[in-house]
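Here's the structure we're looking at; comments come further down.
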Amino acid sequence: LFGLQHDALSGHNLDQHVTLEITPSKAAAGGEQRVTYKRGGQLKNLIVKVPSGVKSGTKIRLKGMGMMAGNKSGDLYLHVRIKGQPSTN
């Protein structure tokens with residue numbers, strides 16, 4: 001499983017938060033990164049585009065990819081963490 005699951009659901013919040021850990025070279029150059037996370041009890045795989053020059057602590061929002069309840073869905077937030085650098089959270 002790539003990424004760490006944060007406590008996502010509080011009340012009616014359907015947003016999910018996942019840590020996206022990338023290498024320093026991926027942070028500098030950008031590129032595609034695979035993300036695996038749980039949505040509705042199932043594992044989901046995504047390929048996301050990491051922008052070049054991204055910094056630790058950056059949030060990437062994927063609209064509508066969070067938890068689902070009926071016909072509503074929250075957003076998935078990827079919290080970028082660069083390997084070997086201290087966390088900014």
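A note on labels: chains of the structure tokens are A, B, ... as shown, every chain counts residues from 1, and ligands are counted from 1 in their shown order.
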
Expected answer as a ChimeraX atom specification: strand (DSSP E) residues in chain A: /A:4-5,16-22,31-39,42-50,59-62,68-69,72-73,76-82

Same residues, N, CA and C atoms, output as a short mmCIF file (atom, residue, chain, number, x, y, z; two decimals), in the first residue's frame:
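File produced: out-v1.cif:
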```
data_model
loop_
_atom_site.label_atom_id
_atom_site.label_comp_id
_atom_site.auth_asym_id
_atom_site.auth_seq_id
_atom_site.Cartn_x
_atom_site.Cartn_y
_atom_site.Cartn_z
N LEU A 4 0.03 6.66 3.45
CA LEU A 4 -0.50 6.40 4.77
C LEU A 4 -1.89 6.98 4.88
N GLN A 5 -2.81 6.23 5.44
CA GLN A 5 -4.19 6.69 5.59
C GLN A 5 -4.29 7.53 6.86
N GLN A 16 -11.08 12.41 2.14
CA GLN A 16 -10.06 11.49 2.61
C GLN A 16 -8.70 12.16 2.47
N HIS A 17 -7.78 11.79 3.36
CA HIS A 17 -6.43 12.36 3.35
C HIS A 17 -5.43 11.22 3.35
N VAL A 18 -4.50 11.25 2.39
CA VAL A 18 -3.49 10.21 2.24
C VAL A 18 -2.13 10.88 2.07
N THR A 19 -1.11 10.34 2.72
CA THR A 19 0.25 10.83 2.54
C THR A 19 0.84 10.23 1.28
N LEU A 20 1.34 11.08 0.41
CA LEU A 20 1.99 10.65 -0.83
C LEU A 20 3.49 10.84 -0.66
N GLU A 21 4.19 9.74 -0.44
CA GLU A 21 5.64 9.81 -0.23
C GLU A 21 6.35 9.63 -1.57
N ILE A 22 7.20 10.62 -1.92
CA ILE A 22 7.93 10.58 -3.18
C ILE A 22 9.41 10.81 -2.95
N GLY A 31 6.41 14.08 -12.49
CA GLY A 31 6.15 12.83 -13.18
C GLY A 31 4.94 12.12 -12.60
N GLU A 32 4.72 10.90 -13.07
CA GLU A 32 3.58 10.13 -12.61
C GLU A 32 3.93 9.28 -11.40
N GLN A 33 2.95 9.14 -10.50
CA GLN A 33 3.14 8.36 -9.28
C GLN A 33 1.89 7.55 -9.02
N ARG A 34 2.07 6.28 -8.69
CA ARG A 34 0.94 5.42 -8.36
C ARG A 34 0.52 5.65 -6.91
N VAL A 35 -0.79 5.71 -6.68
CA VAL A 35 -1.35 5.88 -5.34
C VAL A 35 -2.37 4.76 -5.13
N THR A 36 -2.26 4.07 -4.00
CA THR A 36 -3.24 3.06 -3.62
C THR A 36 -3.87 3.52 -2.31
N TYR A 37 -5.21 3.50 -2.27
CA TYR A 37 -5.92 3.93 -1.05
C TYR A 37 -7.24 3.18 -0.96
N LYS A 38 -7.85 3.22 0.22
CA LYS A 38 -9.14 2.56 0.44
C LYS A 38 -10.28 3.53 0.19
N ARG A 39 -11.27 3.06 -0.54
CA ARG A 39 -12.48 3.85 -0.79
C ARG A 39 -13.67 2.90 -0.70
N GLN A 42 -12.84 -0.85 -0.43
CA GLN A 42 -12.09 -1.46 -1.52
C GLN A 42 -10.81 -0.68 -1.78
N LEU A 43 -9.76 -1.39 -2.20
CA LEU A 43 -8.53 -0.71 -2.59
C LEU A 43 -8.69 -0.13 -3.98
N LYS A 44 -8.28 1.11 -4.13
CA LYS A 44 -8.32 1.80 -5.42
C LYS A 44 -6.90 2.19 -5.81
N ASN A 45 -6.60 2.10 -7.08
CA ASN A 45 -5.30 2.49 -7.61
C ASN A 45 -5.48 3.66 -8.56
N LEU A 46 -4.65 4.67 -8.39
CA LEU A 46 -4.65 5.84 -9.25
C LEU A 46 -3.23 6.13 -9.72
N ILE A 47 -3.12 6.74 -10.87
CA ILE A 47 -1.86 7.31 -11.32
C ILE A 47 -2.06 8.83 -11.31
N VAL A 48 -1.26 9.52 -10.52
CA VAL A 48 -1.39 10.97 -10.42
C VAL A 48 -0.15 11.64 -11.00
N LYS A 49 -0.34 12.82 -11.52
CA LYS A 49 0.77 13.61 -12.05
C LYS A 49 1.30 14.51 -10.95
N VAL A 50 2.55 14.33 -10.60
CA VAL A 50 3.21 15.14 -9.58
C VAL A 50 3.89 16.31 -10.30
N LYS A 59 -0.49 20.00 -0.70
CA LYS A 59 -1.69 19.17 -0.80
C LYS A 59 -2.14 19.15 -2.27
N ILE A 60 -2.42 17.95 -2.76
CA ILE A 60 -2.96 17.78 -4.10
C ILE A 60 -4.39 17.29 -3.93
N ARG A 61 -5.35 18.03 -4.48
CA ARG A 61 -6.77 17.68 -4.34
C ARG A 61 -7.27 16.95 -5.58
N LEU A 62 -7.89 15.79 -5.36
CA LEU A 62 -8.52 15.03 -6.43
C LEU A 62 -10.03 15.05 -6.16
N MET A 68 -17.69 7.89 -0.39
CA MET A 68 -18.99 8.06 -1.02
C MET A 68 -20.10 7.78 -0.01
N ALA A 69 -21.18 8.54 -0.12
CA ALA A 69 -22.39 8.31 0.69
C ALA A 69 -23.57 8.66 -0.20
N LYS A 72 -23.37 11.34 -3.14
CA LYS A 72 -22.36 12.36 -2.81
C LYS A 72 -21.00 11.70 -2.65
N SER A 73 -19.97 12.43 -3.00
CA SER A 73 -18.60 11.94 -2.76
C SER A 73 -17.72 13.10 -2.34
N LEU A 76 -10.33 13.59 -2.41
CA LEU A 76 -9.14 12.91 -1.92
C LEU A 76 -8.02 13.94 -1.90
N TYR A 77 -7.41 14.11 -0.73
CA TYR A 77 -6.28 15.03 -0.59
C TYR A 77 -5.01 14.22 -0.40
N LEU A 78 -4.05 14.46 -1.28
CA LEU A 78 -2.74 13.82 -1.18
C LEU A 78 -1.80 14.82 -0.53
N HIS A 79 -1.22 14.44 0.60
CA HIS A 79 -0.28 15.28 1.33
C HIS A 79 1.13 14.82 0.96
N VAL A 80 1.84 15.66 0.22
CA VAL A 80 3.16 15.29 -0.28
C VAL A 80 4.18 15.27 0.83
N ARG A 81 4.94 14.18 0.88
CA ARG A 81 6.08 14.05 1.80
C ARG A 81 7.25 13.54 0.98
N ILE A 82 8.35 14.26 1.04
CA ILE A 82 9.54 13.88 0.30
C ILE A 82 10.44 13.04 1.20
#
```

query: If you measure from atom CA of Gly30 of chain A to atom CA of Asp15 of chain A, what distance in Å do you get, rounded to one decimal?
result: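 Going from atom CA of Gly30 of chain A over to atom CA of Asp15 of chain A covers 25.0 Å.
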
- request: Mind the document's chain letters and residue numbers, and return as a list in words the residues of chain A that DSSP labels alpha helix (DSSP H).
  value: Pro24, Ser25, Lys26, Ala27, Ala28 and Ala29 of chain A

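We find atom CA of Gly53 of chain A and atom CA of Asp75 of chain A to be spaced 23.4 Å apart.
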